[in-house]
Structure formats: structure tokens, C-alpha cells
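Visitor: My structure is stored as target_4.txt, with compact mmCIF, C-alpha atoms and all ligand atoms.
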# COMPACT_ATOMS: atom_id res chain seq x y z
CA MET F 1 0.00 0.00 0.00
CA ASN F 2 1.30 3.41 -0.88
CA ALA F 3 1.02 5.35 2.34
CA HIS F 4 0.93 8.61 0.38
CA ALA F 5 -1.94 7.59 -1.91
CA PRO F 6 -5.08 9.74 -1.69
CA GLN F 7 -7.38 8.31 0.93
CA PRO F 8 -10.96 7.78 -0.22
CA PRO F 9 -13.63 9.03 2.12
CA ALA F 10 -15.30 6.87 4.71
CA LEU F 11 -18.23 4.66 3.75
CA PRO F 12 -21.14 4.72 3.68
CA ARG F 13 -21.61 8.16 2.17
CA ARG F 14 -24.24 9.71 0.01
CA HIS F 15 -22.66 12.78 -1.56
CA TRP F 16 -19.49 13.06 -3.66
CA THR F 17 -17.80 16.16 -4.97
CA ALA F 18 -16.17 15.98 -8.38
CA ALA F 19 -12.78 16.70 -6.77
CA GLU F 20 -13.11 13.82 -4.31
CA ALA F 21 -14.12 11.41 -7.05
CA ARG F 22 -11.29 12.58 -9.32
CA ALA F 23 -8.77 12.00 -6.52
CA VAL F 24 -9.91 8.39 -6.28
CA MET F 25 -9.87 7.93 -10.07
CA ASP F 26 -6.27 9.20 -10.16
CA MET F 27 -4.96 6.95 -7.38
CA PRO F 28 -2.09 4.62 -8.25
CA PHE F 29 -3.70 1.77 -10.15
CA MET F 30 -2.86 -0.96 -7.63
CA ASP F 31 -4.17 1.10 -4.74
CA LEU F 32 -7.36 1.84 -6.67
CA LEU F 33 -7.93 -1.84 -7.46
CA PHE F 34 -7.26 -2.90 -3.89
CA GLN F 35 -9.64 -0.24 -2.63
CA ALA F 36 -12.36 -1.26 -5.08
CA GLN F 37 -12.00 -4.96 -4.28
CA THR F 38 -12.12 -4.20 -0.56
CA VAL F 39 -15.35 -2.21 -0.97
CA HIS F 40 -16.72 -4.95 -3.22
CA ARG F 41 -16.18 -7.61 -0.56
CA ARG F 42 -18.04 -5.55 1.99
CA HIS F 43 -21.23 -5.87 -0.01
CA PHE F 44 -20.97 -8.82 -2.38
CA ASP F 45 -19.53 -12.28 -2.73
CA PRO F 46 -16.59 -11.50 -5.06
CA ASN F 47 -16.95 -14.85 -6.81
CA ARG F 48 -20.56 -14.41 -7.86
CA ILE F 49 -21.81 -12.67 -10.95
CA GLN F 50 -25.29 -11.60 -11.96
CA LEU F 51 -26.31 -12.70 -15.46
CA SER F 52 -28.83 -10.79 -17.54
CA ARG F 53 -30.02 -11.32 -21.10
CA LEU F 54 -31.01 -8.46 -23.38
CA LEU F 55 -33.50 -8.70 -26.22
CA SER F 56 -34.36 -6.03 -28.75
CA ILE F 57 -38.16 -6.08 -28.84
CA LYS F 58 -38.35 -3.24 -31.37
CA THR F 59 -35.30 -2.49 -33.48
CA GLY F 60 -34.33 0.62 -35.48
CA GLY F 61 -36.24 3.62 -36.78
CA CYS F 62 -35.68 5.64 -33.58
CA PRO F 63 -36.30 9.41 -33.90
CA GLU F 64 -33.51 10.28 -31.43
CA ASP F 65 -30.03 11.20 -32.66
CA CYS F 66 -27.71 9.45 -30.17
CA GLY F 67 -24.38 9.66 -31.98
CA TYR F 68 -23.25 6.14 -31.11
CA CYS F 69 -26.44 4.28 -32.03
CA SER F 70 -27.11 2.33 -35.20
CA GLN F 71 -30.84 2.35 -34.41
CA SER F 72 -31.30 6.07 -34.97
CA ALA F 73 -33.31 6.83 -38.11
CA ARG F 74 -31.06 9.88 -38.53
CA HIS F 75 -27.94 7.78 -39.18
CA ASP F 76 -27.16 5.82 -42.32
CA SER F 77 -26.32 2.56 -40.58
CA GLY F 78 -28.21 0.34 -43.01
CA LEU F 79 -30.33 -1.09 -40.19
CA SER F 80 -33.97 -1.62 -41.15
CA ALA F 81 -36.68 -0.89 -38.62
CA SER F 82 -38.77 -3.72 -37.20
CA LYS F 83 -42.20 -3.78 -35.58
CA LEU F 84 -42.73 -4.47 -31.91
CA MET F 85 -42.12 -8.18 -31.32
CA GLU F 86 -45.02 -10.51 -30.55
CA VAL F 87 -45.50 -11.28 -26.85
CA GLU F 88 -45.28 -15.06 -27.35
CA ARG F 89 -41.89 -14.78 -29.04
CA VAL F 90 -40.52 -12.60 -26.26
CA ILE F 91 -41.64 -15.10 -23.63
CA ALA F 92 -40.17 -18.02 -25.60
CA GLU F 93 -36.82 -16.18 -25.80
CA ALA F 94 -36.97 -15.44 -22.07
CA ARG F 95 -37.62 -19.10 -21.33
CA ARG F 96 -34.49 -20.03 -23.29
CA ALA F 97 -32.48 -17.37 -21.44
CA LYS F 98 -33.62 -18.73 -18.10
CA ALA F 99 -32.62 -22.26 -19.10
CA ALA F 100 -29.16 -20.88 -19.95
CA GLY F 101 -28.79 -19.35 -16.48
CA ALA F 102 -30.07 -15.78 -16.84
CA THR F 103 -31.97 -14.44 -13.84
CA ARG F 104 -32.95 -11.09 -15.32
CA TYR F 105 -34.54 -10.49 -18.71
CA CYS F 106 -34.01 -7.07 -20.23
CA MET F 107 -36.17 -5.87 -23.11
CA GLY F 108 -35.23 -2.83 -25.19
CA ALA F 109 -37.25 -0.83 -27.71
CA ALA F 110 -35.81 1.89 -29.98
CA TRP F 111 -38.32 4.58 -29.03
CA ARG F 112 -38.20 8.18 -27.85
CA SER F 113 -40.93 7.07 -25.42
CA PRO F 114 -43.58 4.35 -25.48
CA LYS F 115 -46.81 5.12 -27.37
CA GLU F 116 -50.17 4.33 -25.85
CA ARG F 117 -50.98 1.84 -28.61
CA ASP F 118 -47.92 -0.25 -27.66
CA MET F 119 -48.47 -0.29 -23.90
CA PRO F 120 -50.81 -3.34 -23.71
CA GLN F 121 -48.26 -5.45 -25.60
CA VAL F 122 -45.40 -4.21 -23.44
CA LEU F 123 -47.33 -4.90 -20.23
CA ALA F 124 -48.16 -8.42 -21.44
CA MET F 125 -44.43 -9.05 -22.04
CA ILE F 126 -43.60 -8.03 -18.48
CA GLU F 127 -46.35 -10.23 -17.05
CA GLY F 128 -45.29 -13.19 -19.19
CA VAL F 129 -41.58 -12.97 -18.32
CA LYS F 130 -42.37 -12.38 -14.67
CA ALA F 131 -44.50 -15.54 -14.66
CA LEU F 132 -41.36 -17.50 -15.60
CA GLY F 133 -39.84 -16.46 -12.26
CA MET F 134 -37.33 -14.05 -13.82
CA GLU F 135 -36.58 -10.45 -12.92
CA THR F 136 -37.77 -8.05 -15.59
CA CYS F 137 -36.09 -4.94 -16.99
CA MET F 138 -37.16 -2.65 -19.80
CA THR F 139 -35.64 0.25 -21.67
CA LEU F 140 -38.24 2.13 -23.71
CA GLY F 141 -37.01 5.73 -23.66
CA MET F 142 -38.54 8.56 -21.68
CA LEU F 143 -41.46 7.76 -19.36
CA ASP F 144 -44.16 9.80 -17.67
CA ALA F 145 -45.43 8.94 -14.21
CA GLY F 146 -48.57 7.23 -15.50
CA GLN F 147 -46.58 4.93 -17.78
CA ALA F 148 -44.14 4.08 -15.00
CA ALA F 149 -47.00 3.21 -12.66
CA ARG F 150 -48.50 0.84 -15.22
CA LEU F 151 -45.14 -0.86 -15.82
CA LYS F 152 -44.72 -1.27 -12.07
CA ASP F 153 -48.20 -2.75 -11.72
CA ALA F 154 -47.41 -5.26 -14.46
CA GLY F 155 -44.43 -6.45 -12.42
CA LEU F 156 -41.47 -4.54 -13.87
CA ASP F 157 -38.47 -4.80 -11.54
CA TYR F 158 -35.93 -2.53 -13.27
CA TYR F 159 -36.03 0.28 -15.81
CA ASN F 160 -32.89 1.15 -17.75
CA HIS F 161 -32.29 4.73 -18.79
CA ASN F 162 -28.62 5.68 -19.16
CA VAL F 163 -27.27 9.17 -18.64
CA ASP F 164 -24.63 8.10 -21.20
CA THR F 165 -21.89 10.62 -20.27
CA SER F 166 -21.29 13.81 -18.29
CA GLU F 167 -23.74 16.69 -18.51
CA SER F 168 -21.07 18.92 -20.11
CA HIS F 169 -20.18 16.39 -22.84
CA TYR F 170 -23.76 15.25 -23.41
CA GLY F 171 -24.56 17.85 -26.09
CA ASN F 172 -21.71 16.50 -28.25
CA VAL F 173 -23.44 13.13 -28.35
CA ILE F 174 -27.22 13.73 -28.31
CA THR F 175 -29.26 16.81 -29.21
CA THR F 176 -32.84 15.53 -29.41
CA ARG F 177 -33.35 15.25 -25.66
CA SER F 178 -31.58 16.93 -22.81
CA TYR F 179 -29.64 15.70 -19.81
CA ALA F 180 -32.46 17.09 -17.67
CA ASP F 181 -34.94 14.93 -19.63
CA ARG F 182 -32.86 11.90 -18.70
CA LEU F 183 -32.77 12.82 -15.03
CA ASP F 184 -36.52 13.51 -15.07
CA THR F 185 -37.19 10.00 -16.35
CA LEU F 186 -34.90 8.51 -13.68
CA ALA F 187 -36.87 10.43 -11.03
CA VAL F 188 -40.17 9.18 -12.45
CA VAL F 189 -38.89 5.60 -12.41
CA ARG F 190 -37.63 5.91 -8.84
CA GLY F 191 -40.90 7.52 -7.77
CA SER F 192 -42.88 4.60 -9.16
CA GLY F 193 -40.99 2.07 -7.04
CA ILE F 194 -39.24 0.43 -10.00
CA LYS F 195 -35.51 -0.15 -9.45
CA VAL F 196 -33.21 2.07 -11.48
CA CYS F 197 -30.61 0.86 -13.98
CA SER F 198 -28.50 3.73 -15.28
CA GLY F 199 -24.94 4.08 -16.50
CA GLY F 200 -23.07 5.25 -19.52
CA ILE F 201 -20.73 4.63 -22.40
CA LEU F 202 -16.98 5.16 -22.56
CA GLY F 203 -15.47 6.07 -25.91
CA LEU F 204 -17.77 8.94 -26.93
CA GLY F 205 -14.86 11.38 -27.15
CA GLU F 206 -15.16 12.25 -23.48
CA GLY F 207 -12.25 12.97 -21.15
CA THR F 208 -11.42 11.49 -17.76
CA GLN F 209 -13.27 14.29 -15.98
CA ASP F 210 -16.42 13.49 -17.97
CA ARG F 211 -16.26 9.89 -16.77
CA VAL F 212 -15.82 11.09 -13.20
CA ASP F 213 -18.65 13.62 -13.52
CA MET F 214 -21.00 11.00 -14.95
CA LEU F 215 -20.40 8.75 -11.94
CA VAL F 216 -20.80 11.70 -9.57
CA THR F 217 -24.20 12.39 -11.15
CA LEU F 218 -25.27 8.77 -10.66
CA ALA F 219 -23.86 8.35 -7.16
CA ASN F 220 -25.43 11.62 -5.97
CA LEU F 221 -28.94 10.80 -7.15
CA PRO F 222 -31.34 10.77 -4.18
CA GLU F 223 -30.80 7.01 -4.30
CA PRO F 224 -28.00 5.60 -6.48
CA PRO F 225 -29.09 3.20 -9.25
CA GLU F 226 -29.32 -0.43 -8.18
CA SER F 227 -27.68 -1.34 -11.48
CA VAL F 228 -24.90 0.62 -13.21
CA PRO F 229 -24.01 -0.54 -16.74
CA VAL F 230 -20.64 0.67 -18.02
CA ASN F 231 -20.38 0.21 -21.78
CA MET F 232 -17.32 0.38 -23.98
CA LEU F 233 -18.34 1.92 -27.30
CA ILE F 234 -18.67 -0.49 -30.18
CA PRO F 235 -18.21 1.91 -33.12
CA MET F 236 -21.08 1.24 -35.50
CA PRO F 237 -20.63 1.95 -39.23
CA GLY F 238 -22.74 4.86 -40.45
CA THR F 239 -22.98 6.56 -37.05
CA PRO F 240 -21.20 9.83 -36.19
CA MET F 241 -19.01 7.85 -33.74
CA GLU F 242 -17.90 5.20 -36.22
CA ASN F 243 -14.28 6.42 -36.13
CA ALA F 244 -14.10 7.19 -32.42
CA ASP F 245 -10.79 6.50 -30.69
CA PRO F 246 -10.73 3.24 -28.74
CA VAL F 247 -10.91 3.38 -24.96
CA ASP F 248 -7.69 2.64 -23.10
CA PRO F 249 -8.33 -0.65 -21.24
CA ILE F 250 -6.66 0.56 -18.04
CA ASP F 251 -8.89 3.66 -18.10
CA PHE F 252 -11.91 1.39 -18.50
CA VAL F 253 -10.89 -0.62 -15.42
CA ARG F 254 -10.31 2.60 -13.49
CA THR F 255 -13.86 3.71 -14.31
CA ILE F 256 -15.29 0.38 -13.14
CA ALA F 257 -13.31 0.66 -9.90
CA LEU F 258 -14.54 4.21 -9.30
CA ALA F 259 -18.14 3.13 -9.90
CA ARG F 260 -17.71 0.33 -7.37
CA ILE F 261 -16.22 2.62 -4.73
CA MET F 262 -18.82 5.37 -5.25
CA MET F 263 -21.81 3.04 -5.47
CA PRO F 264 -20.80 0.17 -3.20
CA GLN F 265 -24.19 -1.56 -3.10
CA SER F 266 -25.01 -1.32 -6.81
CA HIS F 267 -24.49 -4.04 -9.35
CA VAL F 268 -21.85 -2.70 -11.74
CA ARG F 269 -22.22 -4.28 -15.15
CA ILE F 270 -19.72 -4.56 -17.98
CA ALA F 271 -22.32 -4.11 -20.69
CA ALA F 272 -21.57 -3.58 -24.40
CA GLY F 273 -18.05 -3.93 -25.74
CA ARG F 274 -16.95 -7.22 -24.22
CA THR F 275 -16.23 -8.71 -27.66
CA ALA F 276 -13.32 -6.27 -27.88
CA MET F 277 -12.04 -7.18 -24.41
CA SER F 278 -9.61 -9.96 -23.61
CA ASP F 279 -10.44 -12.47 -20.89
CA GLU F 280 -7.70 -10.86 -18.82
CA LEU F 281 -9.27 -7.41 -19.13
CA GLN F 282 -12.68 -8.75 -18.13
CA ALA F 283 -11.10 -10.54 -15.15
CA MET F 284 -9.50 -7.25 -14.11
CA CYS F 285 -12.91 -5.55 -14.37
CA PHE F 286 -14.37 -8.22 -12.08
CA PHE F 287 -11.54 -7.61 -9.61
CA ALA F 288 -12.30 -3.88 -9.83
CA GLY F 289 -15.87 -4.61 -8.74
CA ALA F 290 -17.90 -5.41 -11.84
CA ASN F 291 -20.36 -8.15 -10.91
CA SER F 292 -22.84 -8.33 -13.75
CA ILE F 293 -22.72 -9.11 -17.47
CA PHE F 294 -25.10 -9.67 -20.34
CA MET F 295 -25.19 -13.24 -21.59
CA GLY F 296 -25.85 -14.33 -25.16
CA ASP F 297 -24.30 -13.60 -28.53
CA ARG F 298 -26.35 -10.43 -29.30
CA LEU F 299 -26.81 -7.12 -27.48
CA LEU F 300 -29.58 -5.26 -29.29
CA THR F 301 -27.77 -4.75 -32.61
CA ALA F 302 -24.19 -5.55 -31.52
CA ALA F 303 -22.28 -8.78 -31.01
CA ASN F 304 -21.64 -10.24 -27.53
CA PRO F 305 -19.23 -13.05 -26.55
CA GLY F 306 -21.86 -15.82 -26.25
CA ASP F 307 -22.72 -18.24 -23.44
CA ASP F 308 -20.05 -20.85 -24.16
CA HIS F 309 -17.22 -18.34 -24.02
CA ASP F 310 -18.61 -16.68 -20.91
CA MET F 311 -19.13 -19.95 -19.06
CA ARG F 312 -15.57 -21.00 -19.87
CA LEU F 313 -14.26 -17.67 -18.61
CA LEU F 314 -16.30 -17.76 -15.41
CA GLY F 315 -15.20 -21.36 -14.89
CA LYS F 316 -11.53 -20.40 -15.27
CA LEU F 317 -12.02 -17.63 -12.73
CA GLY F 318 -13.94 -19.82 -10.28
CA MET F 319 -16.93 -17.49 -10.52
CA ALA F 320 -20.52 -18.71 -10.30
CA PRO F 321 -23.81 -17.13 -11.38
CA MET F 322 -25.64 -15.14 -8.74
CA MET F 323 -29.14 -16.39 -7.97
CA ALA F 324 -32.09 -14.00 -8.29
CA TRP F 325 -32.64 -14.00 -4.53
CA GLU F 326 -29.10 -12.70 -3.97
CA HIS F 327 -29.75 -9.46 -5.84
CA ALA F 328 -31.73 -7.31 -3.50
CA PRO F 329 -30.56 -7.27 0.12
CA GLU F 330 -33.12 -4.63 0.99
CA GLU F 331 -35.96 -6.97 0.12
CA GLY F 332 -34.84 -10.36 1.36
CA ASP F 333 -31.64 -9.75 3.26
CA GLY F 334 -30.77 -13.41 2.90
CA LYS F 335 -33.02 -14.63 5.70
CA ALA F 336 -33.91 -18.28 5.41
CA ASP F 337 -37.64 -17.69 5.03
CA ASP F 338 -36.97 -15.55 1.93
CA LEU F 339 -35.19 -18.32 0.06
CA PRO F 340 -36.70 -20.34 -2.77
CA GLU F 341 -37.13 -24.08 -2.34
CA GLY F 342 -33.82 -25.91 -2.59
CA ALA F 343 -31.65 -22.84 -2.02
CA PRO F 344 -28.78 -23.06 0.48
CA ALA F 345 -29.72 -21.99 4.00
CA GLU F 346 -27.24 -19.12 4.11
CA CYS F 347 -26.98 -16.34 1.60
CA PRO F 348 -23.53 -16.65 -0.07
CA ARG F 349 -23.04 -12.91 0.39
CA ARG F 350 -23.39 -13.34 4.14
CA ALA F 351 -21.02 -16.28 4.03
CA ALA F 352 -18.55 -14.09 2.15
CA GLU F 353 -18.89 -11.37 4.76
CA ARG F 354 -17.73 -13.79 7.42
CA HIS F 355 -14.49 -14.12 5.43
CA GLU F 356 -14.18 -10.40 4.76
CA MET F 357 -10.75 -9.06 4.01
CA PRO F 358 -9.28 -6.64 6.52
CA VAL F 359 -10.15 -3.06 5.63
CA PRO F 360 -7.06 -0.96 6.22
CA ILE F 361 -8.13 2.22 4.46
CA LEU F 362 -11.86 2.54 4.91
CA ARG F 363 -13.26 3.54 8.22
S1 LIG X 1 -29.77 4.92 -28.00
FE1 LIG X 1 -31.95 4.52 -27.79
S2 LIG X 1 -32.89 6.55 -27.90
FE2 LIG X 1 -30.81 6.78 -28.73
S3 LIG X 1 -31.07 6.49 -30.95
FE3 LIG X 1 -30.55 4.49 -30.07
S4 LIG X 1 -32.52 3.51 -29.71
FE4 LIG X 1 -32.92 5.69 -29.98
Go ahead and express the file in the form of C-alpha cells.
Ligand code: SF4
Guide:
Amino acid sequence: MNAHAPQPPALPRRHWTAAEARAVMDMPFMDLLFQAQTVHRRHFDPNRIQLSRLLSIKTGGCPEDCGYCSQSARHDSGLSASKLMEVERVIAEARRAKAAGATRYCMGAAWRSPKERDMPQVLAMIEGVKALGMETCMTLGMLDAGQAARLKDAGLDYYNHNVDTSESHYGNVITTRSYADRLDTLAVVRGSGIKVCSGGILGLGEGTQDRVDMLVTLANLPEPPESVPVNMLIPMPGTPMENADPVDPIDFVRTIALARIMMPQSHVRIAAGRTAMSDELQAMCFFAGANSIFMGDRLLTAANPGDDHDMRLLGKLGMAPMMAWEHAPEEGDGKADDLPEGAPAECPRRAAERHEMPVPILR
């Protein structure tokens, strides 16, 4: 341990300044990783990983102009727009995902916001996937309070709405809706009782301070997101970002570590971009506190490593899938009477806590 390294503030804490967060981001790499892993072990079993599967239920033709996205109708990506998928097909895909080990099923539609005519179909998807015993997540664009309430009533567990980047860099990436619009939707989701999934994308031409500021925004929300996806840009042909500079892998790991330290109880997900990452880089991300990935060989319109590769990697690392009942300590807290039939009597997270590493820095 470098005795002169910047000392991160005590946990738990609710408010970060940009300067405090930047000091942590700039720590010597080994100190940062050790710090992140120490925080991680306070809240999670470090050898468990949450597995989600993402399905595009309505692809392309989106009126928004997100500069990284092949689904925008404003970019010449060659992607043709599809109609909203039939409910039965969505449920069949979810059933397959569950059989492959996914505990959460995420459904994404390329919309500015859901239209009333589509709501019954969307609600039926949530009810159908929920009936399989899976957690449900949707990303449908901006929501109003009435829409959020109906999604909640149908059984939606999570709603994804990324802030994408820092507020100051945001206008270089998207112009058709504002940063404030994004935060408004996150507030609506939180107010409805649905859990929040919100993160961003690295590789949009942002600087280190933008990455720090984005995490400060998320960590300082009235309640931090339960799920924080960190994407590495996959440059898509025909989009304004198709020639964006690649993200430095060490900088990516640093961002994961900072997210873990600032949002110690959130699931931090390595989302898009894993096809461009080596196994070693992904392992380093897990050590830095990432504990969630998307399974499968497709992520909306982009490639993903696929179940076989991921299972081999997790096997090599001695990591096991997290069960659905391990996800939400505030609801079940691992007590025996919250466990599904056949589950071990002790929550693995609690078992891990009994073997917690010493915590030399954090107070
Ligand atoms: S990221 Fe979402 S909102 Fe933006 S263009 Fe793509 S589908 Fe539309």
C-alpha cells in the first residue's frame, strides 16, 4: 500500500464532490484496485456474478439522434426498422435465457418514449416474463409517471435509462433530448418504485473528468441506481461515432473501480463492448468490482461473446452465477424464510462477509 496515496472518504456516504471522485480515479492503479476490491467484498460475494439477457423487442427507426447508435433513423447505418415483437416470441426467448442461467430479462425498444398503442403489448411481455420467475427490466425511452405506474403494476423490476456521459459532454453526443430529460425519467422511475438501472458509455470522445462527472451524477442521485451498466463503445458503421478512438483498457478498469467505490451496493455491469475485451481485461474488471454481465451472442444490434465463451471464462475464474434472490438485500436480506425451495440456507453474500478481508483504508 502506498502510504501517500489519496485516501478515499469513509463509507457509507451519500454525496461526492467531483474533486473527491477525481482523486480516487487518479490513485495509483494498484491502490485503486485494492480499494475497489475491498469495498466490493463488503457488499458482495466476489466470486458471484449476476447474469442478464437483453433482447431487442423493437429495433431501429428511432427518432432520437444518439451519436453512437445504429438504431437512430437519422444515421445511415443500413439497419432496417422492425415492428414491436409478438408477446409469445418474447416469452419463448426469455424461457431459453432462463434455461441458460439468466436471472434477469431485459427488453429494449428503440423509441423516444412508449406510445399508448404499444403499452398493452409491453405490459403483457412483463407479465409473461415475470411468470417465468425471472426479474424483468425494460428500456423504452422517456417515461411519464402514468406509464411508470403501469409498468410497475405489471411487475417490472428494473427500468434502464442511461445518462450516457457527463452533462457537459452530453450535447456533443445527443441533441434531441436533454440531460435534464434523462434525469426527469430517472426520477419518475424511482418515484414509481421500480428499481433504477442507469450508467453510460466510454469512448464517446469524453475525457477522464467526464467519466468522473458521470459517476458523480449517478452516485449523488437521491438514491443511487441499483444497477450501473458501463459500456465500452462499439463503433457502428454509419454513425457519427464510427471512427471514435478506442478506450484505453486501463482507463476502462479505473472507471469500473470508481463506480464500485462510489456506489458500493449497486451491481456494476460490464455491458456492451466485451467482444473487444480480452479475458484478462474482463477478469480485471471483475476484480475492480464489476459483478454483472449480459449473456448471449447479441446485445440489441451488436455482437456479444456468447454463453459458451462466458461460461468457460467464469469457470476459469472460479466465478458462479448469482441467484435472483441474492440481488436485493433490501428486500430479502438473505433470511432463510426468503429463500426459494432448494436454495442453500445461508446467503452466499453473508457467508462471504464472514471471510471479509481486513479493511485498512476505509473507516
Ligand atoms: S440509443 Fe436509444 S434513444 Fe438513442 S437512438 Fe438508439 S434507440 Fe434511440
Visitor: Which chains and residue numbers are within 12 Å of ligand LIG 1 (chain X), counting all atoms listed in the file, if I want them as JSON, numbers by chain?
Guide: {"F": [56, 57, 58, 59, 60, 61, 62, 63, 64, 65, 66, 67, 68, 69, 70, 71, 72, 73, 74, 75, 77, 79, 81, 108, 109, 110, 111, 112, 113, 114, 138, 139, 140, 141, 142, 160, 161, 162, 163, 164, 173, 174, 175, 176, 177, 178, 181, 182, 200, 201, 233, 236, 239, 240, 300, 301, 302]}
Visitor: For His43 (chain F), which of F:Gly289, F:Gly318, F:Gly199, F:Pro264 is the closest residue, counting all atoms listed in the file?
Guide: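 Once distances to His43 (chain F) are computed over all atoms listed in the file, the minimum belongs to F:Pro264.
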Visitor: Interatomic distance between CA of Leu55 (chain F) and CA of Asp310 (chain F)?
Guide: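 One can read the CA of Leu55 (chain F) to CA of Asp310 (chain F) distance as 17.7 Å.
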Visitor: Do a neighbour search on Leu33 (chain F) at 9 Å with all atoms listed in the file, toss out local chain neighbours closer than 3 positions, and write the hits as a ChimeraX atom specification.
Guide: /F:28-30,36-38,253-254,257,284,287-289
Visitor: To one decimal place, how far is CA of Glu20 (chain F) from CA of Ser198 (chain F) in Å?
Guide: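 CA of Ser198 (chain F) lies 21.4 Å from CA of Glu20 (chain F).
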Visitor: At a cut-off of 9 Å, using all atoms listed in the file, what residues contact Lys98 (chain F)? Leave out same-chain residues fewer than 6 positions from it and give the result as number ranges by chain.
Guide: F: 53, 104-105, 132-134
Visitor: Rounded to one decimal in Å, what is the spacing between CA of Met319 (chain F) and CA of Ile49 (chain F)?
Guide: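 Distance between the two atoms: 6.9 Å.
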Visitor: Select all residues near (-10.9, -16.7, -19.4) (cut-off 6 Å, inclusive, file coordinates), counting all atoms listed in the file, and output them as a PDB file with C-alpha atoms, in the coordinates of the input.
Guide:
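See out-v5.pdb below for the written result:
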ATOM      1  CA  ASP F 279     -10.440 -12.470 -20.890  1.00  0.00           C
ATOM      2  CA  LEU F 313     -14.260 -17.670 -18.610  1.00  0.00           C
ATOM      3  CA  LYS F 316     -11.530 -20.400 -15.270  1.00  0.00           C
TER       4      LYS F 316
END
Visitor: Can you tell me which residues surround Arg48 (chain F) at a distance of at most 6 Å, considering all atoms listed in the file, apart from same-chain residues fewer than 4 positions away, and format the answer as a VMD selection string?
Guide: chain F and resid 319 to 322
Visitor: Considering all atoms listed in the file, state which residue in the set F:Ala94, F:Leu54, F:Ala149, F:Ala99 is at the smallest distance from Lys130 (chain F).
Guide: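 Checking each of F:Ala94, F:Leu54, F:Ala149, F:Ala99 against Lys130 (chain F), counting all atoms listed in the file, the winner is F:Ala94.
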Visitor: Using only C-alpha atoms, which residues sit within 10 Å of Asp210 (chain F) once same-chain residues fewer than 2 positions away are excluded, as a ChimeraX atom specification?
Guide: /F:18,165-170,202,205-208,212-216
Visitor: As JSON, please: the centre and edge lengths in Å, to one decimal, of an axis-aligned box enclosing every listed atom of region 38-47 of chain F with 3 Å added on each side.
Guide:
{"center_x": -16.7, "center_y": -8.5, "center_z": -2.4, "size_x": 15.1, "size_y": 18.6, "size_z": 14.8}
Visitor: Rank nothing, just name the residue among F:Arg274, F:Arg22, F:Arg42, F:Lys83 nearest to Gln209 (chain F), using only C-alpha atoms.
Guide: F:Arg22
Visitor: Restricting the calculation to all atoms listed in the file: of F:Glu280, F:Asp297, F:Asp26, F:Asp308, which residue gets closest to Thr255 (chain F)?
Guide: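 Once distances to Thr255 (chain F) are computed over all atoms listed in the file, the minimum belongs to F:Asp26.
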Visitor: Enumerate, as a list in words, the protein, DNA and RNA residues whose atoms approach (-12.9, 1.8, -1.3) to within 6 Å, taking into account only C-alpha atoms and the coordinate frame of the file.
Guide: Gln35, Ala36, Val39 and Ile261 of chain F
